[in-house]
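Please read the structure below before turning to the comments.
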Amino acid sequence: MTTNEVEAKSDDAWLTACAAPGHHWFGLSGSAQVLETLFTIARWGALAWTAQAVMDRAAAHETWGLVAFAVTSVLTVGVGWTASTLAERGARAVATGLRRQLTGALLPTTGRTSETGPAEAAWAMVDLADDVADFHAQAAPLGRSAPLSMVAVLAVTAAVHWPAALVLVLTTALLPLNMRLAGLFAQHGADRQLAATRHLNAVVLDSFRGMRTLRELGAVGRRGRTLTTAAERLNKATMSVLRRAFLSGMIMDVVITFSIAVNATYIGLSLLGYVQVPHAPRLDLFTGLLVLMVCPMYFAPMRARASAFHQRERAMIASDAVRDIVKDTPAEVTRAARPQPAEPVGVSLTAVRFRYDGADHDTLHAEAEFAPGTWTAITGASGSGKSTLLSLIAGLRPPSAGAVRWQTSSVRQEPTLGGCAWVGQQTVLLDATVRDNIRLGRPAATERQVLRAVDAAGLSAVIEALPEGLNTRLGEGGWGVSTGEARRIAIARAFLRGARLWLLDEPTAHLDADSEREVVEALRRATDGCTVVIATHSFPLAAAADTVLTIDDGVLHEARPVHAW
């Protein structure tokens with residue numbers, strides 16, 4: 001078996017495994033589809049029986065035929081609706097399962113740090129999970145119902161008039177080849193559509209994120225043309241896929257129409273007495289009408305399978321993209337026991353090296369000890385690796401070599417995700433009340449605990465000045481408070497977590513002198529007895545630290561007294 005065949009088999013297996021959360025619903029939907037076929041056959045049989053009764057002037061048979069037609073019509077519609085509803089439930093289960101996997105891969109909470117771009121992450125969450133789910137909602141029930149439904153139609157046709165069943169069997173042999181060719185024909189177009197969609201997603205997201213810069217540079221018009229070009233590229237790729245799908249569908253329609261036309265012509269000529277197949281049963285109005293009405297039903301599952309075949313190519317591409325994101329995520333991560341909250345946490349960096357994927361050299365070399373209960377400032381030029389060092393200490397990234405350890409008097413362990421408090425230069429405030437924004441650090445916190453966090457962050461006067469105090473609603477992004485006040489809300493949020501290790505990434509960036517002083521004072525109060533590691537360019541903030549380390553040319557230098565810095 002070639003490498004490509006092995007990879008294709010692996011991709012098929014992964015796509016099939018994605019259907020597991022909805023397997024129960026899809027099985028029930030497939031059974032309902034078989035019942036729908038049986039009820040439909042009975043409905044057409046009742047209609048043909050009624051037509052024969054009208055021809056024979058048998059009023060009693062005519063009445064019973066109409067009653068049977070009405071009952072079976074209701075049953076057909078009811079079972080069809082049930083099959084659709086069950087398939088939708090299965091699709092939701094599949095989409096939910098994929099989004100849970102994506103969440104675990106995209107958020108650093110399962111031992112894996114994703115490097116997936118935000119555009120591709122959003123695309124996978126919103127669209128690709130649904131592409132895979134929609135395919136399974138269509139294909140999985142058909143996998144159970146299609147063979148049984150076709151056998152049921154063929155058996156009824158053969159029972160009433162076997163020559164018509166023979167025409168159906170002979171025509172069936174042409175369809176699988178057409179479906180395979182159609183799938184190969186459409187795959188290239190689907191690949192082009194995927195690439196165009198990825199490009200457009202990235203262009204749109206980058207344009208929104210950089211709108212202010214584009215406006216200042218006078219490049220909005222140029223960016224608009226880039227966006228238009230990307231949209232046209234996607235439009236062309238999509239139209240190409242649609243043309244190919246239409247062409248393959250047209251070929252299938254020709255084959256199906258030919259089969260039905262042959263049967264219709266044969267039945268018409270037989271009823272008129274022009275054609276008689278040896279040993280074939282006699283055709284009457286009931287038999288002829290029943291065969292003509294159930295023949296299209298024989299091809300309906302094939303038509304649906306052909307549609308699912310096209311959908312499969314889209315689902316395969318979607319599942320490949322999702323699989324690339326989630327493939328390195330552990331199925332289950334055992335979290336180490338966190339140090340006791342009452343005891344400050346020290347940090348040990350032993351021969352730590354970090355290199356980004358694809359880089360030809362290490363970004364950071366670090367060897368250091370951060371004593372419990374101390375403040376350590378990390379200085380260095382922009383891009384020197386200060387934020388990278390903090391992420392290694394927090395456990396957001398694993399080191400390429402060496403070891404990062406948290407330690408107390410009784411515990412020495414690897415970093416535990418969520419076990420430290422993080423305050424950065426960009427404070428995320430939701431469109432919610434001040435209380436709710438503080439409680440993000442601990443949703444179950446009591447009012448007393450919230451007030452303690454407010455006091456520790458020096459927010460009491462700020463809260464009193466707000467129109468509704470803690471119930472004041474902040475606009476999205478923190479509208480209603482200054483940058484320094486938003487930073488102190490982040491400090492209150494971190495205090496509420498109760499972590500004994502704080503990592504601060506430029507916590508006083510973009511603040512004036514007075515605001516910076518207030519934030520430093522708030523940090524001193526909130527981190528009393530905690531271990532604090534700060535990445536900063538600020539001299540006043542570094543001066544507040546017990547020790548200063550410097551990153552120069554990617555190397556973390558030995559600690560030195562702050563007065564010598």
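Letters A, B, ... go to the chains of the structure tokens in the order shown; residues in each chain start at 1; ligands are counted from 1 in the same order.
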Which residues come within 10 Å of range 480-489 of chain A, counting only C-alpha atoms, excluding same-chain residues fewer than 6 positions away, as a ChimeraX atom specification?
-> /A:423-429,434-435,437-438,453-454,456-459,462-463,466,472-474,495,507-512,514-520,522-523
Residues of the last selection are to be written out with N, CA and C atoms, as an mmCIF file, in the first residue's frame.
data_model
loop_
_atom_site.group_PDB
_atom_site.id
_atom_site.type_symbol
_atom_site.label_atom_id
_atom_site.label_comp_id
_atom_site.auth_asym_id
_atom_site.auth_seq_id
_atom_site.Cartn_x
_atom_site.Cartn_y
_atom_site.Cartn_z
ATOM 1 N N VAL A 423 -1.553 39.298 34.514
ATOM 2 C CA VAL A 423 -2.038 40.639 34.192
ATOM 3 C C VAL A 423 -1.168 41.174 33.063
ATOM 4 N N GLY A 424 -1.796 41.525 31.944
ATOM 5 C CA GLY A 424 -1.049 42.004 30.795
ATOM 6 C C GLY A 424 -1.289 43.469 30.520
ATOM 7 N N GLN A 425 -0.669 43.954 29.440
ATOM 8 C CA GLN A 425 -0.812 45.372 29.095
ATOM 9 C C GLN A 425 -2.138 45.661 28.413
ATOM 10 N N GLN A 426 -2.804 44.627 27.916
ATOM 11 C CA GLN A 426 -4.128 44.793 27.324
ATOM 12 C C GLN A 426 -5.157 44.128 28.238
ATOM 13 N N THR A 427 -5.992 44.954 28.857
ATOM 14 C CA THR A 427 -6.995 44.440 29.789
ATOM 15 C C THR A 427 -8.279 44.127 29.036
ATOM 16 N N VAL A 428 -8.744 42.892 29.149
ATOM 17 C CA VAL A 428 -9.986 42.483 28.498
ATOM 18 C C VAL A 428 -11.145 42.749 29.451
ATOM 19 N N LEU A 429 -12.000 43.690 29.082
ATOM 20 C CA LEU A 429 -13.203 43.974 29.849
ATOM 21 C C LEU A 429 -14.415 43.689 28.978
ATOM 22 N N VAL A 434 -19.236 46.053 36.458
ATOM 23 C CA VAL A 434 -17.898 46.001 37.061
ATOM 24 C C VAL A 434 -17.773 44.729 37.895
ATOM 25 N N ARG A 435 -18.814 44.399 38.654
ATOM 26 C CA ARG A 435 -18.788 43.187 39.477
ATOM 27 C C ARG A 435 -18.558 41.942 38.616
ATOM 28 N N ASN A 437 -17.174 41.743 35.702
ATOM 29 C CA ASN A 437 -15.828 41.754 35.139
ATOM 30 C C ASN A 437 -14.795 41.312 36.165
ATOM 31 N N ILE A 438 -14.974 41.705 37.422
ATOM 32 C CA ILE A 438 -14.054 41.260 38.469
ATOM 33 C C ILE A 438 -14.237 39.774 38.739
ATOM 34 N N ALA A 453 -11.314 42.195 47.007
ATOM 35 C CA ALA A 453 -10.502 42.371 45.799
ATOM 36 C C ALA A 453 -10.501 43.831 45.358
ATOM 37 N N VAL A 454 -11.651 44.489 45.472
ATOM 38 C CA VAL A 454 -11.747 45.915 45.127
ATOM 39 C C VAL A 454 -10.824 46.732 46.016
ATOM 40 N N ALA A 456 -8.145 45.640 47.679
ATOM 41 C CA ALA A 456 -6.744 45.294 47.424
ATOM 42 C C ALA A 456 -6.221 45.983 46.171
ATOM 43 N N ALA A 457 -7.075 46.179 45.185
ATOM 44 C CA ALA A 457 -6.660 46.810 43.931
ATOM 45 C C ALA A 457 -6.772 48.330 43.976
ATOM 46 N N GLY A 458 -7.163 48.885 45.127
ATOM 47 C CA GLY A 458 -7.287 50.330 45.242
ATOM 48 C C GLY A 458 -8.398 50.907 44.394
ATOM 49 N N LEU A 459 -9.488 50.158 44.262
ATOM 50 C CA LEU A 459 -10.595 50.573 43.399
ATOM 51 C C LEU A 459 -11.765 51.185 44.160
ATOM 52 N N VAL A 462 -12.760 54.592 43.045
ATOM 53 C CA VAL A 462 -13.237 54.536 41.659
ATOM 54 C C VAL A 462 -14.663 53.998 41.617
ATOM 55 N N ILE A 463 -14.926 52.941 42.378
ATOM 56 C CA ILE A 463 -16.256 52.327 42.403
ATOM 57 C C ILE A 463 -17.284 53.317 42.941
ATOM 58 N N LEU A 466 -18.491 55.803 40.354
ATOM 59 C CA LEU A 466 -19.285 55.308 39.225
ATOM 60 C C LEU A 466 -20.772 55.482 39.512
ATOM 61 N N THR A 472 -22.423 49.245 37.849
ATOM 62 C CA THR A 472 -22.236 50.056 36.652
ATOM 63 C C THR A 472 -21.813 49.164 35.492
ATOM 64 N N ARG A 473 -22.492 49.314 34.380
ATOM 65 C CA ARG A 473 -22.185 48.480 33.217
ATOM 66 C C ARG A 473 -21.092 49.140 32.385
ATOM 67 N N LEU A 474 -20.047 48.392 32.122
ATOM 68 C CA LEU A 474 -18.951 48.883 31.294
ATOM 69 C C LEU A 474 -19.238 48.546 29.844
ATOM 70 N N PHE A 495 -6.492 39.083 41.880
ATOM 71 C CA PHE A 495 -6.477 38.882 43.333
ATOM 72 C C PHE A 495 -7.558 37.887 43.755
ATOM 73 N N PRO A 507 2.482 45.641 32.867
ATOM 74 C CA PRO A 507 1.206 46.044 33.478
ATOM 75 C C PRO A 507 1.003 47.553 33.547
ATOM 76 N N THR A 508 2.079 48.338 33.364
ATOM 77 C CA THR A 508 1.922 49.797 33.418
ATOM 78 C C THR A 508 2.133 50.448 32.055
ATOM 79 N N ALA A 509 2.107 49.661 30.994
ATOM 80 C CA ALA A 509 2.319 50.222 29.652
ATOM 81 C C ALA A 509 1.209 51.208 29.300
ATOM 82 N N HIS A 510 1.598 52.294 28.629
ATOM 83 C CA HIS A 510 0.666 53.307 28.121
ATOM 84 C C HIS A 510 -0.031 54.085 29.231
ATOM 85 N N LEU A 511 0.549 54.129 30.428
ATOM 86 C CA LEU A 511 -0.045 54.886 31.528
ATOM 87 C C LEU A 511 0.806 56.117 31.816
ATOM 88 N N ASP A 512 0.137 57.179 32.255
ATOM 89 C CA ASP A 512 0.893 58.352 32.676
ATOM 90 C C ASP A 512 1.506 58.084 34.046
ATOM 91 N N ASP A 514 1.070 59.350 37.063
ATOM 92 C CA ASP A 514 0.166 59.179 38.208
ATOM 93 C C ASP A 514 -0.546 57.832 38.154
ATOM 94 N N SER A 515 -1.042 57.479 36.972
ATOM 95 C CA SER A 515 -1.732 56.190 36.837
ATOM 96 C C SER A 515 -0.781 55.037 37.088
ATOM 97 N N GLU A 516 0.456 55.176 36.610
ATOM 98 C CA GLU A 516 1.445 54.118 36.835
ATOM 99 C C GLU A 516 1.709 53.940 38.322
ATOM 100 N N ARG A 517 1.852 55.038 39.036
ATOM 101 C CA ARG A 517 2.100 54.959 40.478
ATOM 102 C C ARG A 517 0.939 54.262 41.182
ATOM 103 N N GLU A 518 -0.300 54.582 40.779
ATOM 104 C CA GLU A 518 -1.470 53.958 41.406
ATOM 105 C C GLU A 518 -1.514 52.462 41.127
ATOM 106 N N VAL A 519 -1.167 52.061 39.896
ATOM 107 C CA VAL A 519 -1.169 50.635 39.554
ATOM 108 C C VAL A 519 -0.086 49.898 40.328
ATOM 109 N N VAL A 520 1.111 50.506 40.461
ATOM 110 C CA VAL A 520 2.184 49.851 41.224
ATOM 111 C C VAL A 520 1.779 49.683 42.678
ATOM 112 N N ALA A 522 -1.276 49.444 43.801
ATOM 113 C CA ALA A 522 -2.306 48.401 43.835
ATOM 114 C C ALA A 522 -1.683 47.016 43.752
ATOM 115 N N LEU A 523 -0.673 46.874 42.897
ATOM 116 C CA LEU A 523 -0.002 45.578 42.766
ATOM 117 C C LEU A 523 0.699 45.198 44.068
#
Within 6 Å of Val347 in chain A, counting only C-alpha atoms, which residues show up once you throw out same-chain ones fewer than 3 positions away? Write them as a compact mmCIF listing (two decimals) with N, CA, C and O atoms, in the first residue's frame, please.
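That gives us selection-v3.txt:
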# COMPACT_ATOMS: atom_id res chain seq x y z
N GLU A 369 16.52 31.33 39.31
CA GLU A 369 15.67 30.94 40.43
C GLU A 369 14.92 32.18 40.91
O GLU A 369 15.53 33.24 41.12
N PHE A 370 13.58 32.06 41.04
CA PHE A 370 12.77 33.15 41.58
C PHE A 370 12.28 32.70 42.95
O PHE A 370 11.44 31.80 43.07
N ARG A 405 10.00 24.66 36.68
CA ARG A 405 9.35 24.05 37.84
C ARG A 405 8.81 25.12 38.78
O ARG A 405 9.42 26.17 38.97
N TRP A 406 7.63 24.82 39.33
CA TRP A 406 7.10 25.60 40.44
C TRP A 406 7.43 24.83 41.72
O TRP A 406 7.37 23.60 41.73
For range 33-43 of chain A, please output as a ChimeraX atom specification all residues within 7 Å (counting only C-alpha atoms; exclusion window: fewer than 3 positions along the same chain).
-> /A:29-30,46-47,69,72-73,75-76,79-80,83,145,148-149,294
Could the residues in this selection be saved with N, CA, C and O atoms as a short mmCIF file (atom, residue, chain, number, x, y, z; two decimals), in the first residue's frame?
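Heads up, here's the output in again_27.cif:
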data_model
loop_
_atom_site.label_atom_id
_atom_site.label_comp_id
_atom_site.auth_asym_id
_atom_site.auth_seq_id
_atom_site.Cartn_x
_atom_site.Cartn_y
_atom_site.Cartn_z
N SER A 29 -32.50 7.65 12.44
CA SER A 29 -32.93 8.37 11.23
C SER A 29 -32.95 7.44 10.02
O SER A 29 -33.87 7.49 9.20
N GLY A 30 -31.92 6.57 9.91
CA GLY A 30 -31.89 5.62 8.80
C GLY A 30 -33.06 4.66 8.85
O GLY A 30 -33.67 4.34 7.81
N ALA A 46 -51.90 2.18 -2.92
CA ALA A 46 -53.29 2.57 -2.66
C ALA A 46 -53.83 3.44 -3.78
O ALA A 46 -55.00 3.30 -4.20
N LEU A 47 -52.99 4.35 -4.31
CA LEU A 47 -53.43 5.21 -5.41
C LEU A 47 -53.69 4.40 -6.68
O LEU A 47 -54.71 4.60 -7.38
N PHE A 69 -54.93 5.56 0.94
CA PHE A 69 -54.02 6.59 0.41
C PHE A 69 -53.84 7.72 1.41
O PHE A 69 -52.72 8.21 1.65
N THR A 72 -51.75 6.39 4.57
CA THR A 72 -50.33 6.19 4.26
C THR A 72 -49.64 7.51 3.93
O THR A 72 -48.44 7.66 4.18
N SER A 73 -50.35 8.48 3.38
CA SER A 73 -49.76 9.80 3.11
C SER A 73 -49.37 10.48 4.42
O SER A 73 -48.28 11.05 4.55
N LEU A 75 -48.78 8.99 7.30
CA LEU A 75 -47.66 8.23 7.87
C LEU A 75 -46.34 8.56 7.18
O LEU A 75 -45.30 8.69 7.83
N THR A 76 -46.37 8.71 5.86
CA THR A 76 -45.16 9.03 5.10
C THR A 76 -44.59 10.38 5.52
O THR A 76 -43.38 10.52 5.77
N VAL A 79 -43.23 10.17 9.23
CA VAL A 79 -41.96 9.44 9.35
C VAL A 79 -40.83 10.22 8.69
O VAL A 79 -39.70 10.24 9.19
N GLY A 80 -41.11 10.89 7.54
CA GLY A 80 -40.10 11.72 6.89
C GLY A 80 -39.63 12.85 7.78
O GLY A 80 -38.43 13.14 7.87
N ALA A 83 -37.44 11.41 10.50
CA ALA A 83 -36.10 11.08 10.01
C ALA A 83 -35.24 12.34 9.91
O ALA A 83 -34.06 12.35 10.29
N SER A 145 -30.19 3.19 5.29
CA SER A 145 -31.49 3.12 4.63
C SER A 145 -31.42 2.84 3.14
O SER A 145 -32.32 2.19 2.59
N LEU A 148 -31.55 -0.97 1.96
CA LEU A 148 -32.84 -1.58 2.30
C LEU A 148 -33.98 -0.98 1.48
O LEU A 148 -34.88 -1.69 1.02
N SER A 149 -33.93 0.34 1.28
CA SER A 149 -34.99 0.99 0.50
C SER A 149 -34.97 0.52 -0.94
O SER A 149 -36.03 0.24 -1.54
N VAL A 294 -43.22 3.66 -8.51
CA VAL A 294 -42.15 3.27 -7.59
C VAL A 294 -40.78 3.28 -8.25
O VAL A 294 -39.76 3.30 -7.55
#
How far is it from CA of Thr265 in chain A to CA of Tyr298 in chain A, in Å with one decimal?
-> 17.6 Å
Given only C-alpha atoms as the counted atoms, nearest of A:His61, A:Arg144, A:Arg305, A:Arg314 to Leu128 in chain A = A:Arg314
As a PDB file with N, CA and C atoms, in the first residue's frame, please: the residues near range 269-273 of chain A (cut-off 10 Å, only C-alpha atoms, same-chain neighbours under 5 positions excluded).
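Output file result-v9.pdb is given in full below:
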ATOM      1  N   ASN A 263     -38.851   1.983 -18.992  1.00  0.00           N
ATOM      2  CA  ASN A 263     -39.943   1.294 -18.298  1.00  0.00           C
ATOM      3  C   ASN A 263     -41.305   1.869 -18.680  1.00  0.00           C
ATOM      4  N   ALA A 264     -41.376   3.205 -18.759  1.00  0.00           N
ATOM      5  CA  ALA A 264     -42.651   3.836 -19.117  1.00  0.00           C
ATOM      6  C   ALA A 264     -43.082   3.440 -20.528  1.00  0.00           C
ATOM      7  N   ARG A 282     -49.265 -10.715 -16.828  1.00  0.00           N
ATOM      8  CA  ARG A 282     -50.051  -9.752 -17.588  1.00  0.00           C
ATOM      9  C   ARG A 282     -50.082  -8.406 -16.860  1.00  0.00           C
ATOM     10  N   LEU A 283     -49.964  -7.361 -17.661  1.00  0.00           N
ATOM     11  CA  LEU A 283     -50.009  -6.009 -17.102  1.00  0.00           C
ATOM     12  C   LEU A 283     -51.439  -5.495 -17.113  1.00  0.00           C
ATOM     13  N   ASP A 284     -51.877  -4.915 -15.981  1.00  0.00           N
ATOM     14  CA  ASP A 284     -53.150  -4.191 -15.970  1.00  0.00           C
ATOM     15  C   ASP A 284     -52.865  -2.772 -15.473  1.00  0.00           C
ATOM     16  N   LEU A 285     -53.918  -1.979 -15.305  1.00  0.00           N
ATOM     17  CA  LEU A 285     -53.723  -0.585 -14.920  1.00  0.00           C
ATOM     18  C   LEU A 285     -53.054  -0.488 -13.547  1.00  0.00           C
ATOM     19  N   GLY A 288     -49.263  -1.463 -13.905  1.00  0.00           N
ATOM     20  CA  GLY A 288     -48.518  -0.466 -14.659  1.00  0.00           C
ATOM     21  C   GLY A 288     -48.303   0.818 -13.870  1.00  0.00           C
TER      22      GLY A 288
END
